[in-house]
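Enquirer: File follows, data_37.txt with compact mmCIF, C-alpha atoms:
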# COMPACT_ATOMS: atom_id res chain seq x y z
CA MET A 1 84.30 -10.47 -0.45
CA ILE A 2 87.17 -12.93 -0.23
CA ILE A 3 86.95 -16.11 -2.30
CA VAL A 4 88.64 -19.12 -0.69
CA THR A 5 89.05 -22.39 -2.60
CA GLY A 6 89.46 -25.69 -0.78
CA ALA A 7 87.25 -24.13 1.88
CA SER A 8 85.86 -27.25 3.53
CA ARG A 9 89.07 -28.92 4.66
CA GLY A 10 92.63 -28.41 5.82
CA LEU A 11 94.29 -25.04 5.41
CA GLY A 12 91.38 -23.64 3.40
CA ALA A 13 88.95 -24.36 6.24
CA ALA A 14 91.32 -22.85 8.83
CA ILE A 15 91.75 -19.72 6.70
CA CYS A 16 87.98 -19.37 6.28
CA GLU A 17 87.47 -19.77 10.01
CA ARG A 18 90.02 -17.04 10.73
CA LEU A 19 88.65 -14.63 8.14
CA THR A 20 85.01 -15.09 9.16
CA SER A 21 85.98 -14.64 12.83
CA LYS A 22 87.43 -11.26 11.82
CA GLY A 23 84.13 -10.29 10.20
CA GLN A 24 85.27 -10.77 6.59
CA ASP A 25 82.74 -11.70 3.95
CA VAL A 26 84.04 -15.10 2.82
CA PHE A 27 82.79 -17.08 -0.17
CA GLY A 28 84.01 -20.66 0.02
CA LEU A 29 84.48 -23.06 -2.85
CA SER A 30 84.90 -26.77 -2.40
CA ARG A 31 83.80 -29.97 -4.11
CA ASP A 32 81.59 -30.60 -1.06
CA VAL A 33 80.15 -27.54 0.66
CA SER A 34 77.78 -29.36 3.03
CA SER A 35 79.99 -28.55 6.03
CA LEU A 36 80.39 -24.82 5.29
CA THR A 37 78.87 -22.48 7.85
CA PHE A 38 79.24 -19.47 5.57
CA ASP A 39 78.34 -18.58 2.00
CA GLY A 40 79.80 -20.78 -0.72
CA GLN A 41 79.26 -22.98 -3.71
CA ALA A 42 80.29 -26.45 -4.82
CA CYS A 43 83.09 -26.18 -7.36
CA ASP A 44 85.88 -28.40 -8.59
CA VAL A 45 88.69 -25.96 -9.40
CA SER A 46 90.15 -28.36 -11.95
CA SER A 47 87.09 -27.74 -14.14
CA TYR A 48 87.27 -24.52 -16.17
CA GLU A 49 83.51 -24.59 -16.70
CA GLU A 50 82.75 -24.90 -12.99
CA VAL A 51 85.09 -22.05 -12.04
CA LYS A 52 83.72 -19.93 -14.86
CA SER A 53 80.16 -20.55 -13.69
CA VAL A 54 81.07 -19.27 -10.18
CA ALA A 55 82.80 -16.20 -11.68
CA ARG A 56 79.76 -15.48 -13.87
CA MET A 57 77.38 -15.81 -10.89
CA LEU A 58 79.50 -13.44 -8.74
CA LYS A 59 79.72 -10.95 -11.62
CA LYS A 60 75.94 -11.01 -12.01
CA LYS A 61 75.57 -10.37 -8.27
CA LYS A 62 78.03 -7.47 -8.65
CA ALA A 63 80.08 -8.93 -5.79
CA ILE A 64 82.96 -6.71 -4.74
CA VAL A 65 85.83 -9.16 -4.59
CA THR A 66 88.96 -7.91 -2.80
CA GLY A 67 90.80 -11.16 -2.29
CA VAL A 68 91.22 -14.68 -3.67
CA VAL A 69 92.91 -17.43 -1.66
CA ASN A 70 93.64 -20.48 -3.78
CA ALA A 71 94.02 -23.12 -1.07
CA ALA A 72 92.54 -26.09 -2.96
CA GLY A 73 95.13 -28.75 -3.56
CA ILE A 74 95.95 -32.41 -3.43
CA ALA A 75 99.15 -34.13 -2.44
CA SER A 76 101.08 -37.04 -3.84
CA MET A 77 103.84 -38.41 -1.66
CA ASN A 78 105.57 -40.99 -3.77
CA LEU A 79 108.66 -41.52 -5.86
CA ALA A 80 108.10 -40.21 -9.38
CA ILE A 81 108.87 -43.65 -10.86
CA MET A 82 106.11 -45.14 -8.67
CA THR A 83 103.47 -42.52 -9.52
CA PRO A 84 100.73 -43.65 -11.94
CA PRO A 85 100.03 -41.28 -14.85
CA LYS A 86 96.46 -40.68 -13.67
CA VAL A 87 97.76 -39.42 -10.31
CA THR A 88 100.32 -37.18 -12.04
CA GLN A 89 97.59 -35.68 -14.22
CA ARG A 90 95.22 -35.18 -11.29
CA VAL A 91 97.90 -33.45 -9.18
CA ILE A 92 98.91 -31.11 -12.01
CA GLN A 93 95.30 -30.47 -13.03
CA THR A 94 94.15 -29.56 -9.52
CA ASN A 95 97.20 -27.81 -8.08
CA LEU A 96 98.54 -25.97 -11.10
CA VAL A 97 95.79 -25.77 -13.70
CA GLY A 98 93.10 -25.22 -11.04
CA THR A 99 95.08 -22.31 -9.57
CA ILE A 100 95.53 -20.82 -13.05
CA TYR A 101 91.79 -21.14 -13.79
CA CYS A 102 90.85 -19.42 -10.52
CA CYS A 103 93.33 -16.60 -11.15
CA GLN A 104 92.20 -16.12 -14.77
CA LEU A 105 88.53 -16.11 -13.96
CA PHE A 106 88.38 -14.40 -10.56
CA ALA A 107 90.98 -11.65 -11.19
CA PRO A 108 88.64 -9.84 -13.63
CA LEU A 109 86.23 -9.40 -10.68
CA MET A 110 88.87 -7.19 -9.03
CA LEU A 111 90.01 -5.15 -12.02
CA ARG A 112 87.12 -2.69 -11.92
CA ASN A 113 87.94 -1.55 -8.38
CA LYS A 114 91.67 -1.60 -9.09
CA ARG A 115 92.53 -3.28 -5.83
CA GLY A 116 92.92 -6.81 -4.63
CA SER A 117 95.17 -9.54 -3.37
CA ILE A 118 95.53 -13.07 -4.73
CA ILE A 119 97.25 -15.71 -2.61
CA ASN A 120 98.36 -18.96 -4.21
CA PHE A 121 99.79 -21.97 -2.42
CA SER A 122 103.13 -23.56 -3.13
CA THR A 123 105.15 -25.82 -0.84
CA ILE A 124 108.52 -25.74 0.81
CA ALA A 125 109.20 -28.96 -1.18
CA VAL A 126 109.92 -26.73 -4.21
CA ALA A 127 112.82 -24.94 -2.51
CA LEU A 128 114.10 -28.00 -0.65
CA GLY A 129 113.67 -30.54 -3.47
CA LEU A 130 112.18 -33.12 -1.14
CA LYS A 131 112.51 -36.80 -1.97
CA GLY A 132 109.15 -38.44 -2.64
CA GLU A 133 107.42 -35.19 -3.54
CA SER A 134 108.64 -34.68 -7.09
CA VAL A 135 105.26 -34.63 -8.82
CA TYR A 136 103.67 -32.53 -6.09
CA ALA A 137 106.66 -30.16 -6.10
CA ALA A 138 106.48 -29.89 -9.90
CA SER A 139 102.85 -28.80 -9.72
CA LYS A 140 103.70 -26.20 -7.07
CA ALA A 141 106.83 -24.97 -8.87
CA GLY A 142 104.44 -24.24 -11.72
CA VAL A 143 102.25 -22.26 -9.33
CA GLU A 144 105.27 -20.19 -8.23
CA GLY A 145 106.32 -19.43 -11.81
CA PHE A 146 102.79 -18.58 -12.82
CA SER A 147 102.30 -16.35 -9.77
CA ARG A 148 105.48 -14.32 -10.40
CA ALA A 149 104.50 -13.60 -14.00
CA PHE A 150 100.83 -13.07 -13.18
CA ALA A 151 101.85 -10.57 -10.47
CA ARG A 152 103.44 -8.43 -13.21
CA GLU A 153 100.36 -8.73 -15.40
CA MET A 154 98.11 -7.63 -12.55
CA ALA A 155 100.31 -4.82 -11.24
CA ASP A 156 98.71 -2.25 -13.60
CA PHE A 157 95.42 -2.97 -11.89
CA ASN A 158 96.77 -2.72 -8.35
CA VAL A 159 96.07 -6.41 -7.79
CA ARG A 160 98.87 -8.15 -5.89
CA VAL A 161 99.74 -11.82 -6.37
CA ASN A 162 101.82 -13.77 -3.85
CA CYS A 163 102.50 -17.36 -2.85
CA ILE A 164 102.70 -18.99 0.54
CA ALA A 165 104.93 -22.08 0.62
CA PRO A 166 104.21 -24.05 3.78
CA GLY A 167 106.25 -26.92 5.16
CA PRO A 168 104.44 -29.89 6.71
CA ILE A 169 101.39 -28.39 8.42
CA ASP A 170 99.18 -30.67 10.47
CA THR A 171 96.19 -31.15 8.12
CA ASP A 172 94.50 -33.99 6.18
CA LEU A 173 97.07 -33.51 3.42
CA LEU A 174 99.69 -35.13 5.69
CA LYS A 175 97.66 -38.30 6.27
CA GLY A 176 99.94 -41.24 5.61
CA VAL A 177 103.14 -39.28 6.18
CA SER A 178 105.05 -40.68 9.14
CA SER A 179 106.19 -38.43 11.98
CA ALA A 180 109.79 -39.41 11.22
CA GLN A 181 109.35 -38.11 7.65
CA ILE A 182 107.80 -34.90 8.95
CA ASP A 183 110.69 -34.43 11.41
CA ARG A 184 113.22 -34.87 8.57
CA ILE A 185 111.53 -32.16 6.49
CA VAL A 186 111.12 -29.78 9.42
CA ALA A 187 114.84 -30.17 10.24
CA GLN A 188 115.68 -28.71 6.81
CA GLN A 189 113.72 -25.49 7.42
CA ILE A 190 115.59 -22.38 8.60
CA ILE A 191 113.27 -22.38 11.61
CA PRO A 192 113.14 -26.11 12.39
CA LYS A 193 109.65 -26.18 13.81
CA GLN A 194 106.38 -27.69 12.58
CA PHE A 195 103.96 -24.83 12.07
CA VAL A 196 100.19 -25.03 12.53
CA PRO A 197 97.25 -23.85 10.38
CA SER A 198 96.87 -20.64 12.40
CA ASP A 199 100.43 -19.62 11.38
CA ILE A 200 99.32 -19.85 7.75
CA SER A 201 96.14 -17.89 8.51
CA ASP A 202 98.37 -15.14 9.99
CA LEU A 203 100.25 -14.89 6.69
CA VAL A 204 97.03 -14.90 4.69
CA GLU A 205 95.70 -12.03 6.78
CA LEU A 206 98.96 -10.14 6.27
CA LEU A 207 98.94 -10.59 2.48
CA LEU A 208 95.26 -9.65 2.18
CA ALA A 209 95.72 -6.46 4.18
CA GLU A 210 96.08 -3.19 2.32
CA ASN A 211 99.17 -2.35 4.35
CA ALA A 212 100.94 -5.22 2.55
CA GLY A 213 100.65 -3.08 -0.59
CA SER A 214 104.39 -3.34 -1.28
CA LEU A 215 104.34 -7.13 -1.58
CA SER A 216 103.70 -8.76 -4.92
CA GLY A 217 105.29 -11.62 -6.88
CA GLN A 218 106.76 -13.06 -3.67
CA VAL A 219 106.95 -16.59 -2.34
CA LEU A 220 106.85 -16.70 1.45
CA SER A 221 108.40 -19.96 2.65
CA VAL A 222 106.93 -20.85 6.01
CA GLY A 223 109.78 -21.62 8.37
CA GLY A 224 112.26 -20.49 5.72
CA ALA A 225 113.99 -22.51 3.03
CA MET B 1 70.39 -7.89 -35.12
CA THR B 2 72.71 -5.90 -32.85
CA ASN B 3 74.13 -3.05 -34.87
CA ILE B 4 77.76 -3.91 -35.63
CA GLN B 5 78.33 -0.44 -37.07
CA SER B 6 77.25 1.36 -33.89
CA THR B 7 79.37 -1.02 -31.77
CA LYS B 8 82.32 -0.34 -34.07
CA VAL B 9 81.82 3.42 -33.60
CA LEU B 10 81.61 2.95 -29.83
CA ILE B 11 84.84 0.91 -29.77
CA MET B 12 86.59 3.47 -31.96
CA ASP B 13 85.51 6.26 -29.61
CA LEU B 14 86.74 4.31 -26.59
CA VAL B 15 90.09 3.61 -28.28
CA LYS B 16 90.43 7.28 -29.31
CA GLU B 17 89.72 8.33 -25.74
CA ALA B 18 92.27 5.82 -24.41
CA LEU B 19 94.99 6.98 -26.80
CA SER B 20 94.30 10.69 -26.68
CA ILE B 21 96.87 12.82 -24.87
CA ASP B 22 95.78 16.28 -23.69
CA GLY B 23 92.53 15.99 -25.69
CA GLU B 24 94.40 15.78 -29.00
CA GLU B 25 92.48 13.94 -31.77
CA VAL B 26 93.86 10.45 -32.55
CA LYS B 27 93.26 8.64 -35.85
CA VAL B 28 91.74 5.19 -35.44
CA SER B 29 90.72 2.76 -38.18
CA ASP B 30 88.42 -0.25 -37.91
CA ASP B 31 91.20 -2.65 -38.94
CA MET B 32 93.45 -1.41 -36.14
CA PRO B 33 94.79 -4.36 -34.08
CA LEU B 34 93.85 -4.27 -30.40
CA PHE B 35 96.23 -6.97 -29.21
CA GLY B 36 99.82 -7.95 -29.93
CA SER B 37 102.96 -6.08 -30.88
CA GLU B 38 101.17 -3.91 -33.46
CA SER B 39 98.52 -2.71 -31.06
CA ALA B 40 98.66 0.86 -29.82
CA LEU B 41 96.83 -0.18 -26.66
CA ASP B 42 98.72 -1.50 -23.66
CA SER B 43 97.20 -4.27 -21.52
CA LEU B 44 95.69 -1.82 -19.04
CA ARG B 45 93.84 0.08 -21.76
CA LEU B 46 92.73 -3.09 -23.51
CA VAL B 47 91.18 -4.43 -20.31
CA GLU B 48 89.53 -1.05 -19.67
CA LEU B 49 88.04 -1.23 -23.17
CA CYS B 50 86.68 -4.71 -22.36
CA LEU B 51 85.20 -3.47 -19.08
CA ALA B 52 83.50 -0.59 -20.94
CA LEU B 53 81.94 -3.09 -23.38
CA GLU B 54 80.88 -5.23 -20.44
CA ASP B 55 79.13 -2.15 -18.98
CA LYS B 56 77.42 -1.36 -22.28
CA ALA B 57 76.08 -4.91 -22.52
CA SER B 58 74.96 -4.86 -18.90
CA GLU B 59 73.06 -1.54 -19.42
CA GLU B 60 71.13 -3.29 -22.18
CA GLY B 61 70.45 -6.36 -20.03
CA TYR B 62 73.00 -8.64 -21.67
CA GLU B 63 76.39 -10.13 -20.88
CA PHE B 64 79.59 -9.63 -22.81
CA ASP B 65 82.23 -12.23 -22.03
CA TRP B 66 85.62 -11.04 -23.24
CA THR B 67 87.28 -14.08 -21.68
CA SER B 68 85.40 -16.50 -23.95
CA GLU B 69 87.40 -18.96 -26.03
CA ALA B 70 86.37 -17.20 -29.23
CA ALA B 71 87.58 -13.89 -27.83
CA MET B 72 90.92 -15.33 -26.74
CA SER B 73 91.71 -17.67 -29.66
CA LYS B 74 95.02 -16.72 -31.23
CA SER B 75 94.07 -17.58 -34.80
CA ARG B 76 90.67 -15.89 -34.79
CA SER B 77 90.97 -13.61 -31.77
CA SER B 78 88.28 -10.98 -31.48
CA PHE B 79 91.04 -8.55 -30.60
CA ARG B 80 92.73 -8.77 -34.00
CA SER B 81 90.88 -5.58 -35.02
CA ILE B 82 88.19 -3.15 -33.94
CA SER B 83 85.86 -4.71 -36.55
CA SER B 84 86.35 -8.25 -35.25
CA LEU B 85 85.72 -7.15 -31.67
CA ALA B 86 82.51 -5.39 -32.76
CA GLU B 87 81.44 -8.57 -34.56
CA GLU B 88 82.16 -10.75 -31.52
CA TYR B 89 80.21 -8.35 -29.29
CA ALA B 90 77.22 -8.35 -31.66
CA CYS B 91 77.37 -12.13 -32.00
CA GLN B 92 77.32 -12.64 -28.21
CA ILE B 93 74.43 -10.21 -27.68
CA GLU B 94 72.45 -11.76 -30.53
CA ALA B 95 72.90 -15.23 -29.00
CA GLN B 96 71.27 -14.02 -25.78
CA LYS B 97 68.16 -12.56 -27.48
Would you mind writing the file's structure down as structure tokens?

Expert:
Amino acid sequence: MIIVTGASRGLGAAICERLTSKGQDVFGLSRDVSSLTFDGQACDVSSYEEVKSVARMLKKKKAIVTGVVNAAGIASMNLAIMTPPKVTQRVIQTNLVGTIYCCQLFAPLMLRNKRGSIINFSTIAVALGLKGESVYAASKAGVEGFSRAFAREMADFNVRVNCIAPGPIDTDLLKGVSSAQIDRIVAQQIIPKQFVPSDISDLVELLLAENAGSLSGQVLSVGGA
Amino acid sequence: MTNIQSTKVLIMDLVKEALSIDGEEVKVSDDMPLFGSESALDSLRLVELCLALEDKASEEGYEFDWTSEAAMSKSRSSFRSISSLAEEYACQIEAQK
């Protein structure tokens, strides 16, 4: 089973679609699961209790978890000095703390079988230091730091931990971002092209596969940074 | 009441087994720390010990949650000794009866 957070929208939904089309057993988590066409449960990843309740339920069911894709996230495109404290807290709580909760509570489901792959999501804004994304980038820089250290902690158990750092991908997260802004960001990538959700799904498939067994503690910047 | 003594013996046996090299007997005391710089167990062995306790609880129809706040608390961590882990285990099982 592969657990995917943020499963009902954006990249998470695209990843679930890809994995289910390849016959994978996907368990989706999202605050609203009414649109899911596969197995899942409502869960707000920023709540430790909600994530723990999902982990407990899967443990009881003796689910064999081989992968966790932490795609749940929210964006904040604003100057730091214009960002209200509530927004800052919500971005950090969902993107960073939510990712940590899912790693802490779902990784134990993989330890018994001594195999697994965890994929966390960062952003190219961390490497590029993009203007107007400071709070969002801070939350994702935290995800990168956590993932590198967590990869070492999990290595004894043959569980790999990696990050994907996309640039501007055409999803709901980009609502409100002008095409001129997107073009400016894309121009800073090594490959100056706007990638699409299926490019991210390709990377997810690669990192989940057992033949990516040599990759852990890495941040893959989509388009290059 | 879940027998703390028998849980303590089980944990001691599991720790002995984890630390034993070539079947050689290893001395283990119930005040032996299981976590931190003074622990003889590395993280892999500590987690394996937790999984073994999880299995024992499950065989008896209960749950043992080694990720609980009480288990992880730095000041009163259940992993500060074999005795404290046995007490935490017994306490959790008792609460489910």

Enquirer: Choose the residue, out of A:Cys103, A:Ala80, A:Ile190, A:Lys61, that has the smallest atom-to-atom separation from Ser134 (chain A); count all atoms listed in the file.

Expert: A:Ala80

Enquirer: Expressed in Å to a single decimal, how great is the separation between CA of Leu111 (chain A) and CA of Leu41 (chain B)?

Expert: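 Between CA of Leu111 (chain A) and CA of Leu41 (chain B) the gap is 16.9 Å.
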
Enquirer: Figure out the distance between CA of Ile93 (chain B) and CA of Tyr62 (chain B), please, to one decimal in Å.

Expert: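 A separation of 6.4 Å between them.
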
Enquirer: Do you have the CA of Ala52 (chain B)-CA of Gly23 (chain B) distance handy?

Expert: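 Result for CA of Ala52 (chain B) versus CA of Gly23 (chain B): 19.5 Å, one decimal.
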
Enquirer: Return the neighbours of chain B among the residues of chain A, cut-off 8 Å, counting all atoms listed in the file, as a PDB file with C-alpha atoms, in the coordinates of the input.

Expert:
ATOM      1  CA  ARG A 112      87.120  -2.690 -11.920  1.00  0.00           C
ATOM      2  CA  ASP A 156      98.710  -2.250 -13.600  1.00  0.00           C
ATOM      3  CA  PHE A 157      95.420  -2.970 -11.890  1.00  0.00           C
TER       4      PHE A 157
END

Enquirer: Residues proximal to (94.3, -37.9, 1.0) were defined as those with any atom within 9 Å of that point in the file's coordinates, counting all atoms listed in the file. Which are they, as a list in words?

Expert: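 Using all atoms listed in the file, the matching residues come out as Ile74, Ala75, Ser76, Asp172, Leu173, Leu174, Lys175 and Gly176 of chain A.
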
Enquirer: List as number ranges by chain the protein and nucleic acid residues near Asn120 (chain A), meaning an atom at most 12 Å away when only C-alpha atoms are counted, but skip any in the same chain fewer than 3 places from it.

Expert: A: 3-6, 12, 67-73, 95-103, 117, 123, 140-148, 150-151, 160-166, 203-204, 207-208, 216-220

Enquirer: Give the answer as one residue: which of A:Phe121, A:Val126, A:Glu210, A:Thr94 has the shortest atom-to-atom distance to Ala138 (chain A), using all atoms listed in the file?

Expert: A:Val126

Enquirer: The centre and edge lengths of an axis-aligned box containing all atoms of region 157-161 of chain A present in the file, extended by 6 Å on each side, are to be given in Å to one decimal, as JSON.

Expert:
{"center_x": 97.6, "center_y": -7.3, "center_z": -8.9, "size_x": 16.3, "size_y": 21.1, "size_z": 18.0}

Enquirer: Any idea what's packed within 12 Å of Trp66 (chain B), counting all atoms listed in the file, ignoring anything in its chain fewer than 4 positions away? Could you give it as an mmCIF file with C-alpha atoms, in the coordinates of the input?

Expert:
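Result file around_5.cif:
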data_model
loop_
_atom_site.group_PDB
_atom_site.id
_atom_site.type_symbol
_atom_site.label_atom_id
_atom_site.label_comp_id
_atom_site.auth_asym_id
_atom_site.auth_seq_id
_atom_site.Cartn_x
_atom_site.Cartn_y
_atom_site.Cartn_z
ATOM 1 C CA ARG A 56 79.760 -15.480 -13.870
ATOM 2 C CA GLN A 104 92.200 -16.120 -14.770
ATOM 3 C CA LEU A 105 88.530 -16.110 -13.960
ATOM 4 C CA PRO A 108 88.640 -9.840 -13.630
ATOM 5 C CA LEU B 46 92.730 -3.090 -23.510
ATOM 6 C CA VAL B 47 91.180 -4.430 -20.310
ATOM 7 C CA GLU B 48 89.530 -1.050 -19.670
ATOM 8 C CA LEU B 49 88.040 -1.230 -23.170
ATOM 9 C CA CYS B 50 86.680 -4.710 -22.360
ATOM 10 C CA LEU B 51 85.200 -3.470 -19.080
ATOM 11 C CA ALA B 52 83.500 -0.590 -20.940
ATOM 12 C CA LEU B 53 81.940 -3.090 -23.380
ATOM 13 C CA GLU B 54 80.880 -5.230 -20.440
ATOM 14 C CA ASP B 55 79.130 -2.150 -18.980
ATOM 15 C CA ALA B 57 76.080 -4.910 -22.520
ATOM 16 C CA ALA B 70 86.370 -17.200 -29.230
ATOM 17 C CA ALA B 71 87.580 -13.890 -27.830
ATOM 18 C CA MET B 72 90.920 -15.330 -26.740
ATOM 19 C CA SER B 73 91.710 -17.670 -29.660
ATOM 20 C CA SER B 77 90.970 -13.610 -31.770
ATOM 21 C CA SER B 78 88.280 -10.980 -31.480
ATOM 22 C CA PHE B 79 91.040 -8.550 -30.600
ATOM 23 C CA LEU B 85 85.720 -7.150 -31.670
ATOM 24 C CA ALA B 86 82.510 -5.390 -32.760
ATOM 25 C CA GLU B 88 82.160 -10.750 -31.520
ATOM 26 C CA TYR B 89 80.210 -8.350 -29.290
ATOM 27 C CA GLN B 92 77.320 -12.640 -28.210
#

Enquirer: From the set A:Thr171, A:Ser178, A:Thr88, A:Asn211, which residue has the shortest atom-to-atom contact distance to Val196 (chain A), counting only C-alpha atoms?

Expert: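 Result for the nearest residue to Val196 (chain A): A:Thr171.
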
Enquirer: Can you sort out region 181-195 of chain A so it carries N, CA and C atoms, written as an mmCIF file, keeping the file's coordinate frame?

Expert:
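selection16.cif, freshly written:
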data_model
loop_
_atom_site.group_PDB
_atom_site.id
_atom_site.type_symbol
_atom_site.label_atom_id
_atom_site.label_comp_id
_atom_site.auth_asym_id
_atom_site.auth_seq_id
_atom_site.Cartn_x
_atom_site.Cartn_y
_atom_site.Cartn_z
ATOM 1 N N GLN A 181 109.203 -38.847 8.909
ATOM 2 C CA GLN A 181 109.350 -38.110 7.650
ATOM 3 C C GLN A 181 109.136 -36.613 7.882
ATOM 4 N N ILE A 182 108.105 -36.305 8.664
ATOM 5 C CA ILE A 182 107.800 -34.900 8.950
ATOM 6 C C ILE A 182 108.981 -34.249 9.669
ATOM 7 N N ASP A 183 109.537 -34.964 10.656
ATOM 8 C CA ASP A 183 110.690 -34.430 11.410
ATOM 9 C C ASP A 183 111.872 -34.148 10.483
ATOM 10 N N ARG A 184 112.089 -35.048 9.502
ATOM 11 C CA ARG A 184 113.220 -34.870 8.570
ATOM 12 C C ARG A 184 113.045 -33.602 7.731
ATOM 13 N N ILE A 185 111.788 -33.355 7.314
ATOM 14 C CA ILE A 185 111.530 -32.160 6.490
ATOM 15 C C ILE A 185 111.696 -30.903 7.347
ATOM 16 N N VAL A 186 111.082 -30.946 8.522
ATOM 17 C CA VAL A 186 111.120 -29.780 9.420
ATOM 18 C C VAL A 186 112.573 -29.402 9.745
ATOM 19 N N ALA A 187 113.427 -30.423 9.896
ATOM 20 C CA ALA A 187 114.840 -30.170 10.240
ATOM 21 C C ALA A 187 115.566 -29.392 9.153
ATOM 22 N N GLN A 188 115.024 -29.433 7.923
ATOM 23 C CA GLN A 188 115.680 -28.710 6.810
ATOM 24 C C GLN A 188 115.234 -27.257 6.707
ATOM 25 N N GLN A 189 114.186 -26.885 7.457
ATOM 26 C CA GLN A 189 113.720 -25.490 7.420
ATOM 27 C C GLN A 189 114.699 -24.602 8.183
ATOM 28 N N ILE A 190 114.732 -23.313 7.861
ATOM 29 C CA ILE A 190 115.590 -22.380 8.600
ATOM 30 C C ILE A 190 115.135 -22.316 10.063
ATOM 31 N N ILE A 191 113.814 -22.272 10.244
ATOM 32 C CA ILE A 191 113.270 -22.380 11.610
ATOM 33 C C ILE A 191 112.756 -23.811 11.735
ATOM 34 N N PRO A 192 113.500 -24.690 12.394
ATOM 35 C CA PRO A 192 113.140 -26.110 12.390
ATOM 36 C C PRO A 192 111.990 -26.434 13.350
ATOM 37 N N LYS A 193 110.815 -25.997 12.951
ATOM 38 C CA LYS A 193 109.650 -26.180 13.810
ATOM 39 C C LYS A 193 108.456 -26.518 12.918
ATOM 40 N N GLN A 194 107.577 -27.415 13.375
ATOM 41 C CA GLN A 194 106.380 -27.690 12.580
ATOM 42 C C GLN A 194 105.332 -26.616 12.891
ATOM 43 N N PHE A 195 104.936 -25.903 11.866
ATOM 44 C CA PHE A 195 103.960 -24.830 12.070
ATOM 45 C C PHE A 195 102.546 -25.389 11.993
#
